[in-house]
Every structure is written in structure tokens, then in C-alpha cells.
Amino acid sequence: MTFDAAGVTTSPLLPFLWALLVGLVFSTVGAAGGILAAVGHLTILGMSDANMIKAMNQLLVIVSPIVAVPAYWRQERVVPGLALLLGAGSIFGSVLGSWYSKTNLATLAQYRPLFGLLTLFIAARLVYETSRRFRQRHRKIGESSEAFEHARGGWPQSRRLTVTWHFSNLRIVFLGQEFTCRIASAMLAGFLIAFVSAALGVGGGFLLVPYLASWLQLPMFLVAGTSALAVLVASLTSVTNYLYLGVRIDWLLATVELGGVVVGSLVGPWLSRM
């Protein structure tokens with residue numbers, strides 16, 4: 001089958017299965033969906049239009065949280081106030097990032113090296129997070145996860161998560177564990193993360209998840225859903241701006257991929273809860 005706009009000839013099963021993996025991974029951990037989508041578009045499908053690749057990466061990332069976030073919400077795994085702050089900052093970052101990228105990262109020769117550096121950074125970060133030094137510096141993450149495992153069955157559903165707004169801070173209490181986030185810091189983080197992700201055509205979860213888990217030290221039970229909701233706002237803004245700037249999308253290929261993303265995103269929240 002030929003997808004004319006993308007310049008790709010392949011079986012529809014290949015982009016469907018790859019997109020299923022994108023939806024499964026993103027909806028499970030709240031990150032890496034846009035990066036996996038980019039790898040698929042660049043190497044598996046061999047697309048050559050850098051701007052189309054960026055827009056279609058983020059289009060897939062939009063669909064996954066649309067499917068996954070309601071499931072996380074029902075499971076009380078989203079911190080809505082924090083996602084709102086990150087999303088508010090991401091609107092401005094996404095517009096600026098996509099505008100910059102449309103002109104300055106318009107060819108594969110410009111885009112591919114930066115995407116390679118991004119994947120190298122993520123690999124280095126994953127190695128660091130498995131180190132003993134990281135575990136020692138972030139003991140509260142383990143404590144929060146242990147508290148969740150011991151307490152989740154005995155706490156009333158209505159009291160598991162509470163969020164309180166103060167003048168400059170957001171106070172989050174989850175199963176007796178307290179976390180504090182500065183409002184300005186969260187909005188700035190949303191802006192910076194969205195700028196980078198929009199410019200590279202990825203979702204931003206690869207930075208949001210470390211920010212939520214390592215910087216704010218939230219338990220992973222809350223991180224995936226909160227990250228997914230913030231990524232939804234950023235990616236929706238970025239894709240809209242890419243289209244406004246005249247970037248093309250292969251809608252036939254996108255339809256095939258979106259079907260795979262939906263299937264993967266329905267399975268992800270269920271798997272991550274086990």
C-alpha cells in the first residue's frame with residue numbers, strides 16, 4: 001500500500017503495530033510515545049519530510065492520552081492542579097517551539113542530529129536512574145511507593161488524594177505522603193519542556209516524568225496520568241500550530257496509526273495498575 005503524502009510504500013500492518021507499541025508504552029508510563037513514534041517514522045517507515053514527521057509524532061501522542069487519561073482519572077491517578085499548571089506553561093512553549101522548528105529544523109539534515117542527541121540523553125538518564133547514587137538521593141520516591149503498596153487497600157477512595165492551593169505553592173497529599181510544588185516552577189517547567197518537545201516533535205513525557213518523579217518525588221502511581229494530561233495539552237497546541245504554519249500530514253497513514261495507538265492506549269493503564 002502506498003501512502004502518497006508521506007512517500008511510503010508498506011503493508012498497513014507495519015505502521016499499525018508500531019503505533020500500537022507507541023500507545024502501549026506511552027499510556028503505561030506517560031512518556032516515550034513521541035520518541036517511539038519518531039523512531040518509527042524515521043527508520044521503520046523511512047519518511048523524509050522532517051516537519052511532517054514532527055507533526056505526525058505529536059498527533060499520535062494526542063490520541064494516546066485522550067484514551068488513557070479518563071482511565072487514569074477513574075483510578076484517581078491524576079493530580080489535576082499540577083497538570084493544569086504544567087499545561088498552562090506548555091501552551092506558550094509549544095507555540096514558540098513549533099514556530100522555531102518549522103523554519104530552523106525543516107530538513108532531515110537539521111532534525112536528525114538533534115533527535116539523535118535527544119535519544120542519547122534519554123539513554124544516559126535511564127542509566128543514571130538505575131545507579132546506586134540516584135537511589136540514595138531519591139529515597140522518598142521509594143518510600144512513597146512503599147507507602148502506596150501498604151496503604152492503598154485500607155484508605156477510603158475519597159481520601160487517597162487531596163490537592164490544596166496556596167498563594168505560591170500547590171500542596172499534594174497522597175496516602176499520607178505530602179508533596180509541595182511551587183506554582184511558578186511548575187509553569188516554567190511546562191514552558192521549557194513543551195518548547196523542546198514541540199521543536200523536536202515529541203511528546204515531552206521523557207522530561208515530564210523525571211520532573212514529576214525525581215524533582216517533585218511523586219510516586220509513579222500518580223506520575224503517568226499527570227504526565228499524560230500535561231502532554232495532551234502541549235501536543236494539541238503544537239500540532240495545531242504546525243497545521244496553521246502549513247505543515248502537511250498524511251491523513252491516510254495517520255488513520256492507520258491512530259487505530260494502533262487507540263488499541264495500545266486502552267491496554268496500557270490496565271497493565272500499569274497490575
# chains A, B, ... in the order shown; residues from 1 in each chain; ligands from 1
$ residues_around --residues "stretch 243-252 of chain A" --least-positions-apart "6" --cutoff "7 Å" --atoms "only C-alpha atoms" --output "list in words"
Phe3, Ala5, Ala6, Asn51, Met52 and Met56 of chain A
$ write_last_selection --atoms "N, CA, C and O atoms" --output "short mmCIF file (atom, residue, chain, number, x, y, z; two decimals), in the first residue's frame"
data_model
loop_
_atom_site.label_atom_id
_atom_site.label_comp_id
_atom_site.auth_asym_id
_atom_site.auth_seq_id
_atom_site.Cartn_x
_atom_site.Cartn_y
_atom_site.Cartn_z
N PHE A 3 1.36 5.27 0.66
CA PHE A 3 0.89 6.49 1.34
C PHE A 3 1.59 7.66 0.65
O PHE A 3 2.76 7.96 0.94
N ALA A 5 1.37 11.06 0.41
CA ALA A 5 1.87 12.29 1.04
C ALA A 5 3.16 12.05 1.82
O ALA A 5 4.06 12.88 1.83
N ALA A 6 3.23 10.90 2.47
CA ALA A 6 4.42 10.56 3.26
C ALA A 6 5.53 9.96 2.40
O ALA A 6 6.67 9.85 2.86
N ASN A 51 9.26 18.08 8.86
CA ASN A 51 8.13 18.75 9.51
C ASN A 51 6.92 17.83 9.61
O ASN A 51 6.20 17.85 10.61
N MET A 52 6.68 17.03 8.57
CA MET A 52 5.58 16.07 8.65
C MET A 52 5.81 15.05 9.74
O MET A 52 4.89 14.67 10.47
N MET A 56 3.23 14.47 12.82
CA MET A 56 2.57 13.17 12.96
C MET A 56 2.99 12.46 14.25
O MET A 56 2.20 11.72 14.85
#
$ residues_around --residues "A:Glu257" --least-positions-apart "3" --cutoff "7 Å" --atoms "only C-alpha atoms" --output "ChimeraX atom specification"
/A:15-16,19,253-254,260-261
$ atom_distance --atom1 "atom CA of A:Val63" --atom2 "atom CA of A:Ala184"
28.5 Å
$ atom_distance --atom1 "atom CA of A:Ser214" --atom2 "atom CA of A:Gly87"
19.0 Å
$ closest_residue --among "A:Leu14, A:Val69, A:Val39, A:Leu208" --to "A:Ser265" --atoms "only C-alpha atoms"
A:Val69
$ residues_around --residues "A:Ser168" --least-positions-apart "3" --cutoff "10 Å" --atoms "only C-alpha atoms" --output "list in words"
Trp165, Arg171, Cys181, Arg182, Ile183, Ala184 and Ser185 of chain A
$ closest_residue --among "A:Leu120, A:Leu36, A:Val67, A:Ala55" --to "A:Gly264" --atoms "only C-alpha atoms"
A:Val67
$ closest_residue --among "A:Leu86, A:Leu188, A:Val233, A:Leu45" --to "A:Val8" --atoms "only C-alpha atoms"
A:Leu45
$ residues_around --residues "stretch 108-114 of chain A" --least-positions-apart "5" --cutoff "12 Å" --atoms "only C-alpha atoms" --output "ChimeraX atom specification"
/A:38-39,41-43,46-54,101-103,119-121,196-197,199-202
$ write_last_selection --atoms "N, CA, C and O atoms" --output "compact mmCIF listing (two decimals), in the first residue's frame"
# COMPACT_ATOMS: atom_id res chain seq x y z
N ALA A 38 8.67 8.84 16.50
CA ALA A 38 9.70 9.41 15.63
C ALA A 38 10.62 8.32 15.10
O ALA A 38 10.99 8.33 13.91
N VAL A 39 11.01 7.38 15.95
CA VAL A 39 11.85 6.27 15.50
C VAL A 39 11.14 5.49 14.40
O VAL A 39 11.75 5.12 13.38
N HIS A 41 8.74 6.57 12.33
CA HIS A 41 8.62 7.37 11.11
C HIS A 41 9.95 7.52 10.39
O HIS A 41 10.02 7.53 9.16
N LEU A 42 11.04 7.65 11.17
CA LEU A 42 12.36 7.86 10.56
C LEU A 42 12.96 6.57 10.02
O LEU A 42 13.50 6.55 8.90
N THR A 43 12.92 5.51 10.80
CA THR A 43 13.66 4.30 10.45
C THR A 43 12.78 3.17 9.94
O THR A 43 13.12 2.50 8.96
N GLY A 46 10.72 5.17 7.03
CA GLY A 46 11.61 5.90 6.15
C GLY A 46 11.04 7.19 5.59
O GLY A 46 11.32 7.55 4.43
N MET A 47 10.26 7.92 6.36
CA MET A 47 9.73 9.20 5.90
C MET A 47 10.85 10.23 5.78
O MET A 47 11.84 10.17 6.52
N SER A 48 10.69 11.17 4.85
CA SER A 48 11.77 12.11 4.57
C SER A 48 11.41 13.57 4.83
O SER A 48 12.28 14.44 4.76
N ASP A 49 10.15 13.86 5.13
CA ASP A 49 9.72 15.24 5.40
C ASP A 49 9.79 15.48 6.91
O ASP A 49 8.96 14.99 7.67
N ALA A 50 10.80 16.24 7.34
CA ALA A 50 11.04 16.42 8.78
C ALA A 50 9.85 17.06 9.48
O ALA A 50 9.46 16.65 10.58
N ASN A 51 9.26 18.08 8.86
CA ASN A 51 8.13 18.75 9.51
C ASN A 51 6.92 17.83 9.61
O ASN A 51 6.20 17.85 10.61
N MET A 52 6.68 17.03 8.57
CA MET A 52 5.58 16.07 8.65
C MET A 52 5.81 15.05 9.74
O MET A 52 4.89 14.67 10.47
N ILE A 53 7.05 14.60 9.87
CA ILE A 53 7.38 13.63 10.92
C ILE A 53 7.06 14.20 12.29
O ILE A 53 6.43 13.53 13.14
N LYS A 54 7.48 15.44 12.55
CA LYS A 54 7.24 16.07 13.85
C LYS A 54 5.76 16.19 14.15
O LYS A 54 5.30 15.86 15.25
N SER A 101 10.87 25.44 15.08
CA SER A 101 11.26 24.22 14.40
C SER A 101 10.84 24.21 12.93
O SER A 101 11.55 23.68 12.08
N LYS A 102 9.67 24.79 12.64
CA LYS A 102 9.17 24.80 11.26
C LYS A 102 10.18 25.44 10.32
O LYS A 102 10.36 25.00 9.17
N THR A 103 10.91 26.44 10.78
CA THR A 103 11.86 27.16 9.93
C THR A 103 13.29 26.64 10.08
O THR A 103 14.00 26.47 9.10
N THR A 119 17.86 11.13 22.01
CA THR A 119 17.81 9.72 22.41
C THR A 119 19.04 9.34 23.24
O THR A 119 18.95 8.53 24.17
N LEU A 120 20.18 9.93 22.92
CA LEU A 120 21.39 9.67 23.72
C LEU A 120 21.22 10.20 25.14
O LEU A 120 21.60 9.54 26.12
N PHE A 121 20.63 11.39 25.28
CA PHE A 121 20.37 11.96 26.59
C PHE A 121 19.44 11.06 27.40
O PHE A 121 19.66 10.82 28.59
N VAL A 196 10.98 22.35 23.99
CA VAL A 196 11.89 21.32 23.48
C VAL A 196 11.11 20.24 22.74
O VAL A 196 11.49 19.83 21.63
N SER A 197 10.01 19.78 23.31
CA SER A 197 9.26 18.69 22.70
C SER A 197 8.58 19.12 21.40
O SER A 197 8.53 18.35 20.43
N ALA A 199 9.68 21.51 19.38
CA ALA A 199 10.74 21.72 18.39
C ALA A 199 11.23 20.40 17.82
O ALA A 199 11.57 20.33 16.63
N LEU A 200 11.25 19.34 18.62
CA LEU A 200 11.74 18.04 18.17
C LEU A 200 10.61 17.11 17.76
O LEU A 200 10.87 15.99 17.31
N GLY A 201 9.37 17.55 17.93
CA GLY A 201 8.24 16.74 17.51
C GLY A 201 8.03 15.50 18.35
O GLY A 201 7.69 14.43 17.84
N VAL A 202 8.21 15.62 19.66
CA VAL A 202 7.97 14.51 20.58
C VAL A 202 6.99 14.98 21.65
O VAL A 202 6.61 16.14 21.71
$ select_by_dssp --residues "stretch 173-251 of chain A" --states "alpha helix (DSSP H)" --output "CSV table (one decimal) with all heavy atoms, in the first residue's frame"
chain,number,residue,atom,x,y,z
A,183,ILE,N,4.1,27.0,42.3
A,183,ILE,CA,3.3,27.3,41.1
A,183,ILE,C,4.1,27.8,40.0
A,183,ILE,O,4.0,27.3,38.8
A,183,ILE,CB,2.2,28.2,41.5
A,183,ILE,CG1,1.2,27.5,42.4
A,183,ILE,CG2,1.4,28.7,40.2
A,183,ILE,CD1,0.1,28.4,43.0
A,184,ALA,N,5.0,28.8,40.2
A,184,ALA,CA,5.8,29.4,39.2
A,184,ALA,C,6.8,28.4,38.6
A,184,ALA,O,7.0,28.3,37.4
A,184,ALA,CB,6.6,30.6,39.7
A,185,SER,N,7.3,27.5,39.4
A,185,SER,CA,8.3,26.5,39.0
A,185,SER,C,7.6,25.5,38.0
A,185,SER,O,8.2,25.1,37.0
A,185,SER,CB,8.9,25.8,40.2
A,185,SER,OG,9.7,24.7,39.8
A,186,ALA,N,6.4,25.1,38.4
A,186,ALA,CA,5.7,24.1,37.5
A,186,ALA,C,5.3,24.7,36.2
A,186,ALA,O,5.4,24.1,35.1
A,186,ALA,CB,4.4,23.7,38.2
A,187,MET,N,4.9,26.0,36.1
A,187,MET,CA,4.6,26.6,34.9
A,187,MET,C,5.8,26.8,34.0
A,187,MET,O,5.8,26.6,32.8
A,187,MET,CB,3.9,28.0,35.1
A,187,MET,CG,2.5,27.8,35.8
A,187,MET,SD,1.6,29.4,35.9
A,187,MET,CE,1.3,29.7,34.2
A,188,LEU,N,6.9,27.2,34.7
A,188,LEU,CA,8.2,27.3,33.9
A,188,LEU,C,8.7,26.0,33.4
A,188,LEU,O,9.1,25.9,32.2
A,188,LEU,CB,9.3,27.9,34.8
A,188,LEU,CG,10.7,28.1,34.2
A,188,LEU,CD1,10.6,29.1,33.0
A,188,LEU,CD2,11.7,28.6,35.2
A,189,ALA,N,8.5,25.0,34.2
A,189,ALA,CA,8.9,23.6,33.7
A,189,ALA,C,8.0,23.2,32.5
A,189,ALA,O,8.5,22.7,31.5
A,189,ALA,CB,8.7,22.6,34.8
A,190,GLY,N,6.7,23.5,32.6
A,190,GLY,CA,5.8,23.2,31.5
A,190,GLY,C,6.2,23.9,30.2
A,190,GLY,O,6.2,23.4,29.1
A,191,PHE,N,6.6,25.2,30.3
A,191,PHE,CA,7.0,26.0,29.2
A,191,PHE,C,8.3,25.4,28.5
A,191,PHE,O,8.3,25.2,27.3
A,191,PHE,CB,7.3,27.4,29.6
A,191,PHE,CG,7.9,28.3,28.6
A,191,PHE,CD1,7.1,28.9,27.6
A,191,PHE,CD2,9.3,28.5,28.5
A,191,PHE,CE1,7.7,29.7,26.6
A,191,PHE,CE2,9.9,29.3,27.5
A,191,PHE,CZ,9.1,29.9,26.6
A,192,LEU,N,9.3,25.2,29.3
A,192,LEU,CA,10.6,24.7,28.8
A,192,LEU,C,10.5,23.3,28.2
A,192,LEU,O,11.0,23.1,27.1
A,192,LEU,CB,11.7,24.7,29.9
A,192,LEU,CG,12.0,26.0,30.5
A,192,LEU,CD1,13.0,25.9,31.7
A,192,LEU,CD2,12.7,26.9,29.4
A,193,ILE,N,9.8,22.4,28.9
A,193,ILE,CA,9.6,21.1,28.3
A,193,ILE,C,8.8,21.1,27.0
A,193,ILE,O,9.1,20.4,26.1
A,193,ILE,CB,8.9,20.2,29.4
A,193,ILE,CG1,9.9,19.9,30.6
A,193,ILE,CG2,8.5,18.9,28.8
A,193,ILE,CD1,9.2,19.3,31.8
A,194,ALA,N,7.8,21.9,27.0
A,194,ALA,CA,6.9,22.0,25.8
A,194,ALA,C,7.7,22.6,24.6
A,194,ALA,O,7.6,22.2,23.4
A,194,ALA,CB,5.7,22.8,26.0
A,195,PHE,N,8.6,23.6,24.9
A,195,PHE,CA,9.4,24.2,23.8
A,195,PHE,C,10.3,23.1,23.2
A,195,PHE,O,10.3,23.0,21.9
A,195,PHE,CB,10.2,25.3,24.3
A,195,PHE,CG,11.1,26.0,23.3
A,195,PHE,CD1,10.6,27.0,22.5
A,195,PHE,CD2,12.4,25.5,23.1
A,195,PHE,CE1,11.4,27.6,21.5
A,195,PHE,CE2,13.2,26.1,22.1
A,195,PHE,CZ,12.7,27.2,21.3
A,196,VAL,N,11.0,22.4,24.0
A,196,VAL,CA,11.9,21.3,23.5
A,196,VAL,C,11.1,20.2,22.7
A,196,VAL,O,11.5,19.8,21.6
A,196,VAL,CB,12.7,20.7,24.6
A,196,VAL,CG1,13.5,19.5,24.1
A,196,VAL,CG2,13.6,21.7,25.3
A,197,SER,N,10.0,19.8,23.3
A,197,SER,CA,9.3,18.7,22.7
A,197,SER,C,8.6,19.1,21.4
A,197,SER,O,8.5,18.4,20.4
A,197,SER,CB,8.2,18.1,23.7
A,197,SER,OG,7.3,19.1,24.1
A,198,ALA,N,8.1,20.4,21.3
A,198,ALA,CA,7.5,20.8,20.1
A,198,ALA,C,8.5,21.0,19.0
A,198,ALA,O,8.3,20.7,17.8
A,198,ALA,CB,6.7,22.2,20.4
A,199,ALA,N,9.7,21.5,19.4
A,199,ALA,CA,10.7,21.7,18.4
A,199,ALA,C,11.2,20.4,17.8
A,199,ALA,O,11.6,20.3,16.6
A,199,ALA,CB,11.9,22.5,19.0
A,200,LEU,N,11.2,19.3,18.6
A,200,LEU,CA,11.7,18.0,18.2
A,200,LEU,C,10.6,17.1,17.8
A,200,LEU,O,10.9,16.0,17.3
A,200,LEU,CB,12.6,17.4,19.3
A,200,LEU,CG,13.9,18.1,19.6
A,200,LEU,CD1,14.6,17.5,20.8
A,200,LEU,CD2,14.8,18.2,18.4
A,205,GLY,N,7.0,13.7,27.5
A,205,GLY,CA,6.9,12.9,28.7
A,205,GLY,C,8.3,12.5,29.2
A,205,GLY,O,8.5,12.2,30.4
A,206,PHE,N,9.3,12.4,28.3
A,206,PHE,CA,10.6,12.0,28.7
A,206,PHE,C,11.3,13.0,29.6
A,206,PHE,O,12.2,12.7,30.4
A,206,PHE,CB,11.5,11.8,27.4
A,206,PHE,CG,11.8,13.1,26.7
A,206,PHE,CD1,13.0,13.8,27.0
A,206,PHE,CD2,10.9,13.7,25.9
A,206,PHE,CE1,13.3,15.0,26.3
A,206,PHE,CE2,11.2,14.9,25.2
A,206,PHE,CZ,12.4,15.5,25.4
A,207,LEU,N,10.8,14.2,29.7
A,207,LEU,CA,11.2,15.2,30.6
A,207,LEU,C,10.2,15.4,31.8
A,207,LEU,O,10.6,15.7,32.9
A,207,LEU,CB,11.5,16.6,29.9
A,207,LEU,CG,12.7,16.6,29.0
A,207,LEU,CD1,12.7,18.0,28.2
A,207,LEU,CD2,14.0,16.4,29.7
A,208,LEU,N,8.9,15.3,31.4
A,208,LEU,CA,7.9,15.5,32.5
A,208,LEU,C,8.0,14.4,33.5
A,208,LEU,O,7.9,14.7,34.7
A,208,LEU,CB,6.5,15.5,31.8
A,208,LEU,CG,6.0,16.8,31.2
A,208,LEU,CD1,4.8,16.5,30.4
A,208,LEU,CD2,5.8,17.8,32.3
A,209,VAL,N,8.2,13.2,33.1
A,209,VAL,CA,8.3,12.1,34.1
A,209,VAL,C,9.4,12.3,35.1
A,209,VAL,O,9.2,12.1,36.3
A,209,VAL,CB,8.3,10.7,33.4
A,209,VAL,CG1,8.7,9.6,34.4
A,209,VAL,CG2,7.0,10.4,32.7
A,210,PRO,N,10.7,12.6,34.6
A,210,PRO,CA,11.7,12.8,35.6
A,210,PRO,C,11.4,14.0,36.5
A,210,PRO,O,11.8,14.1,37.6
A,210,PRO,CB,13.0,13.1,34.7
A,210,PRO,CG,12.7,12.4,33.4
A,210,PRO,CD,11.2,12.5,33.2
A,220,MET,N,5.2,6.9,41.3
A,220,MET,CA,4.9,6.6,39.9
A,220,MET,C,3.4,6.4,39.6
A,220,MET,O,2.9,6.5,38.5
A,220,MET,CB,5.7,5.4,39.4
A,220,MET,CG,7.2,5.7,39.2
A,220,MET,SD,7.5,7.1,38.0
A,220,MET,CE,6.7,6.4,36.5
A,221,PHE,N,2.7,6.0,40.7
A,221,PHE,CA,1.3,5.7,40.5
A,221,PHE,C,0.6,7.0,40.1
A,221,PHE,O,-0.4,6.9,39.3
A,221,PHE,CB,0.7,5.3,41.9
A,221,PHE,CG,-0.7,4.9,41.9
A,221,PHE,CD1,-1.1,3.6,41.4
A,221,PHE,CD2,-1.7,5.8,42.3
A,221,PHE,CE1,-2.5,3.3,41.3
A,221,PHE,CE2,-3.1,5.4,42.2
A,221,PHE,CZ,-3.4,4.2,41.8
A,222,LEU,N,1.1,8.2,40.5
A,222,LEU,CA,0.5,9.4,40.0
A,222,LEU,C,1.1,10.0,38.8
A,222,LEU,O,0.6,10.9,38.1
A,222,LEU,CB,0.5,10.4,41.2
A,222,LEU,CG,-0.2,10.1,42.5
A,222,LEU,CD1,0.0,11.2,43.5
A,222,LEU,CD2,-1.7,10.0,42.2
A,223,VAL,N,2.4,9.7,38.6
A,223,VAL,CA,3.2,10.3,37.6
A,223,VAL,C,2.6,10.1,36.2
A,223,VAL,O,2.5,11.0,35.4
A,223,VAL,CB,4.7,9.9,37.7
A,223,VAL,CG1,5.4,10.3,36.4
A,223,VAL,CG2,5.3,10.5,38.9
A,224,ALA,N,2.3,8.8,35.8
A,224,ALA,CA,1.9,8.5,34.5
A,224,ALA,C,0.7,9.3,34.0
A,224,ALA,O,0.7,9.9,32.9
A,224,ALA,CB,1.7,7.0,34.3
A,225,GLY,N,-0.4,9.3,34.8
A,225,GLY,CA,-1.6,10.0,34.5
A,225,GLY,C,-1.4,11.5,34.4
A,225,GLY,O,-2.0,12.2,33.5
A,226,THR,N,-0.7,12.1,35.4
A,226,THR,CA,-0.5,13.5,35.4
A,226,THR,C,0.4,13.9,34.2
A,226,THR,O,0.1,15.0,33.6
A,226,THR,CB,0.3,13.9,36.7
A,226,THR,OG1,-0.5,13.4,37.8
A,226,THR,CG2,0.4,15.4,36.8
A,227,SER,N,1.4,13.2,33.9
A,227,SER,CA,2.2,13.5,32.7
A,227,SER,C,1.4,13.4,31.4
A,227,SER,O,1.5,14.2,30.6
A,227,SER,CB,3.4,12.5,32.7
A,227,SER,OG,4.1,12.7,31.4
A,228,ALA,N,0.6,12.4,31.3
A,228,ALA,CA,-0.2,12.2,30.1
A,228,ALA,C,-1.2,13.4,29.9
A,228,ALA,O,-1.3,13.8,28.7
A,228,ALA,CB,-1.0,10.9,30.2
A,229,LEU,N,-1.8,13.9,30.9
A,229,LEU,CA,-2.7,15.0,30.8
A,229,LEU,C,-1.9,16.3,30.3
A,229,LEU,O,-2.4,17.0,29.5
A,229,LEU,CB,-3.4,15.3,32.1
A,229,LEU,CG,-4.5,16.4,32.0
A,229,LEU,CD1,-5.5,16.2,30.9
A,229,LEU,CD2,-5.2,16.5,33.4
A,230,ALA,N,-0.8,16.5,30.9
A,230,ALA,CA,0.0,17.7,30.5
A,230,ALA,C,0.5,17.5,29.1
A,230,ALA,O,0.5,18.5,28.3
A,230,ALA,CB,1.2,17.8,31.5
A,231,VAL,N,0.9,16.3,28.7
A,231,VAL,CA,1.4,16.1,27.3
A,231,VAL,C,0.3,16.3,26.3
A,231,VAL,O,0.5,16.9,25.2
A,231,VAL,CB,2.0,14.7,27.2
A,231,VAL,CG1,2.1,14.3,25.7
A,231,VAL,CG2,3.3,14.6,27.9
A,232,LEU,N,-0.9,16.0,26.7
A,232,LEU,CA,-2.1,16.2,25.8
A,232,LEU,C,-2.2,17.7,25.5
A,232,LEU,O,-2.4,18.0,24.3
A,232,LEU,CB,-3.4,15.7,26.5
A,232,LEU,CG,-4.7,16.0,25.8
A,232,LEU,CD1,-4.7,15.4,24.4
A,232,LEU,CD2,-5.9,15.5,26.6
A,233,VAL,N,-2.2,18.5,26.5
A,233,VAL,CA,-2.3,20.0,26.2
A,233,VAL,C,-1.2,20.5,25.3
A,233,VAL,O,-1.4,21.2,24.4
A,233,VAL,CB,-2.3,20.8,27.6
A,233,VAL,CG1,-2.4,22.3,27.3
A,233,VAL,CG2,-3.5,20.3,28.4
A,234,ALA,N,0.0,20.1,25.6
A,234,ALA,CA,1.2,20.6,24.9
A,234,ALA,C,1.2,20.1,23.4
A,234,ALA,O,1.4,20.9,22.5
A,234,ALA,CB,2.5,20.1,25.6
A,235,SER,N,0.9,18.8,23.3
A,235,SER,CA,0.9,18.2,21.9
A,235,SER,C,-0.2,18.8,21.1
A,235,SER,O,-0.1,19.0,19.9
A,235,SER,CB,0.8,16.7,22.0
A,235,SER,OG,2.0,16.2,22.6
A,236,LEU,N,-1.4,19.0,21.6
A,236,LEU,CA,-2.5,19.5,20.9
A,236,LEU,C,-2.2,20.9,20.4
A,236,LEU,O,-2.5,21.3,19.3
A,236,LEU,CB,-3.8,19.5,21.8
A,236,LEU,CG,-5.1,20.0,21.2
A,236,LEU,CD1,-5.5,19.1,20.0
A,236,LEU,CD2,-6.2,20.0,22.2
A,237,THR,N,-1.6,21.7,21.3
A,237,THR,CA,-1.2,23.1,20.9
A,237,THR,C,-0.2,23.1,19.8
A,237,THR,O,-0.3,23.8,18.8
A,237,THR,CB,-0.7,23.8,22.1
A,237,THR,OG1,-1.6,23.8,23.2
A,237,THR,CG2,-0.3,25.3,21.8
A,238,SER,N,0.8,22.2,19.9
A,238,SER,CA,1.9,22.1,18.9
A,238,SER,C,1.4,21.7,17.6
A,238,SER,O,1.7,22.3,16.5
A,238,SER,CB,3.0,21.2,19.4
A,238,SER,OG,4.0,21.1,18.5
A,239,VAL,N,0.6,20.6,17.5
A,239,VAL,CA,0.1,20.1,16.2
A,239,VAL,C,-0.8,21.2,15.6
A,239,VAL,O,-0.7,21.4,14.4
A,239,VAL,CB,-0.7,18.8,16.4
A,239,VAL,CG1,-1.4,18.4,15.2
A,239,VAL,CG2,0.2,17.7,16.8
A,240,THR,N,-1.6,21.8,16.4
A,240,THR,CA,-2.5,22.9,15.8
A,240,THR,C,-1.6,24.0,15.2
A,240,THR,O,-2.0,24.5,14.1
A,240,THR,CB,-3.4,23.5,16.9
A,240,THR,OG1,-4.2,22.5,17.5
A,240,THR,CG2,-4.3,24.6,16.4
A,241,ASN,N,-0.6,24.4,15.8
A,241,ASN,CA,0.3,25.4,15.3
A,241,ASN,C,1.1,24.9,14.1
A,241,ASN,O,1.2,25.7,13.1
A,241,ASN,CB,1.3,25.9,16.4
A,241,ASN,CG,1.9,27.3,16.0
A,241,ASN,OD1,1.1,28.2,15.6
A,241,ASN,ND2,3.2,27.4,16.1
A,242,TYR,N,1.5,23.7,14.1
A,242,TYR,CA,2.2,23.1,12.9
A,242,TYR,C,1.2,23.2,11.7
A,242,TYR,O,1.6,23.6,10.6
A,242,TYR,CB,2.6,21.7,13.1
A,242,TYR,CG,4.0,21.6,13.7
A,242,TYR,CD1,4.2,20.9,14.9
A,242,TYR,CD2,5.1,22.1,13.0
A,242,TYR,CE1,5.5,20.7,15.4
A,242,TYR,CE2,6.4,22.0,13.6
A,242,TYR,CZ,6.6,21.3,14.7
A,242,TYR,OH,7.8,21.2,15.3
A,243,LEU,N,0.0,22.8,11.9
A,243,LEU,CA,-1.0,22.9,10.8
A,243,LEU,C,-1.3,24.3,10.3
A,243,LEU,O,-1.4,24.6,9.1
A,243,LEU,CB,-2.3,22.2,11.2
A,243,LEU,CG,-2.3,20.7,11.4
A,243,LEU,CD1,-3.6,20.2,12.0
A,243,LEU,CD2,-2.0,20.0,10.1
A,244,TYR,N,-1.3,25.2,11.3
A,244,TYR,CA,-1.5,26.6,11.0
A,244,TYR,C,-0.3,27.2,10.1
A,244,TYR,O,-0.5,28.0,9.2
A,244,TYR,CB,-1.6,27.4,12.3
A,244,TYR,CG,-1.7,28.9,12.1
A,244,TYR,CD1,-2.8,29.6,11.6
A,244,TYR,CD2,-0.5,29.7,12.3
A,244,TYR,CE1,-2.9,30.9,11.4
A,244,TYR,CE2,-0.6,31.1,12.2
A,244,TYR,CZ,-1.7,31.7,11.7
A,244,TYR,OH,-1.7,33.1,11.5
A,251,TRP,N,-2.9,11.9,6.0
A,251,TRP,CA,-4.1,11.5,6.8
A,251,TRP,C,-4.4,10.0,6.7
A,251,TRP,O,-5.0,9.5,7.6
A,251,TRP,CB,-5.3,12.4,6.5
A,251,TRP,CG,-5.1,13.8,6.9
A,251,TRP,CD1,-4.8,14.9,6.2
A,251,TRP,CD2,-5.1,14.3,8.3
A,251,TRP,NE1,-4.6,16.0,7.0
A,251,TRP,CE2,-4.8,15.7,8.3
A,251,TRP,CE3,-5.3,13.7,9.5
A,251,TRP,CZ2,-4.7,16.4,9.4
A,251,TRP,CZ3,-5.2,14.4,10.7
A,251,TRP,CH2,-4.9,15.8,10.6
$ closest_residue --among "A:Ile122, A:Ile172, A:Val263, A:Ala106" --to "A:Ile35" --atoms "only C-alpha atoms"
A:Ile122
$ closest_residue --among "A:Ala124, A:Leu216, A:Val61, A:Leu20" --to "A:Gly204" --atoms "only C-alpha atoms"
A:Val61
$ closest_residue --among "A:Ala68, A:Val25, A:Ile44, A:Gln177" --to "A:Thr10" --atoms "only C-alpha atoms"
A:Ile44
$ select_by_dssp --residues "stretch 63-274 of chain A" --states "strand (DSSP E)" --output "number ranges by chain"
A: 161-165, 169-174, 177-182
$ write_last_selection --atoms "C-alpha atoms" --output "PDB file, in the first residue's frame"
ATOM      1  CA  LEU A 161      -5.504  12.202  47.073  1.00  0.00           C
ATOM      2  CA  THR A 162      -6.070  15.792  48.152  1.00  0.00           C
ATOM      3  CA  VAL A 163      -4.754  18.946  46.473  1.00  0.00           C
ATOM      4  CA  THR A 164      -4.688  22.331  48.213  1.00  0.00           C
ATOM      5  CA  TRP A 165      -3.860  25.644  46.554  1.00  0.00           C
ATOM      6  CA  ASN A 169       2.519  26.628  46.312  1.00  0.00           C
ATOM      7  CA  LEU A 170       0.486  23.561  45.443  1.00  0.00           C
ATOM      8  CA  ARG A 171       0.218  21.066  48.308  1.00  0.00           C
ATOM      9  CA  ILE A 172      -0.425  17.447  47.343  1.00  0.00           C
ATOM     10  CA  VAL A 173      -1.220  14.754  49.906  1.00  0.00           C
ATOM     11  CA  PHE A 174      -1.401  11.154  48.689  1.00  0.00           C
ATOM     12  CA  GLN A 177       2.628  11.420  51.952  1.00  0.00           C
ATOM     13  CA  GLU A 178       2.928  15.191  51.405  1.00  0.00           C
ATOM     14  CA  PHE A 179       4.458  16.850  48.338  1.00  0.00           C
ATOM     15  CA  THR A 180       4.858  20.557  47.646  1.00  0.00           C
ATOM     16  CA  CYS A 181       5.288  22.258  44.285  1.00  0.00           C
ATOM     17  CA  ARG A 182       5.880  25.941  43.573  1.00  0.00           C
TER      18      ARG A 182
END
$ atom_distance --atom1 "atom CA of A:Val262" --atom2 "atom CA of A:Gln75"
18.9 Å
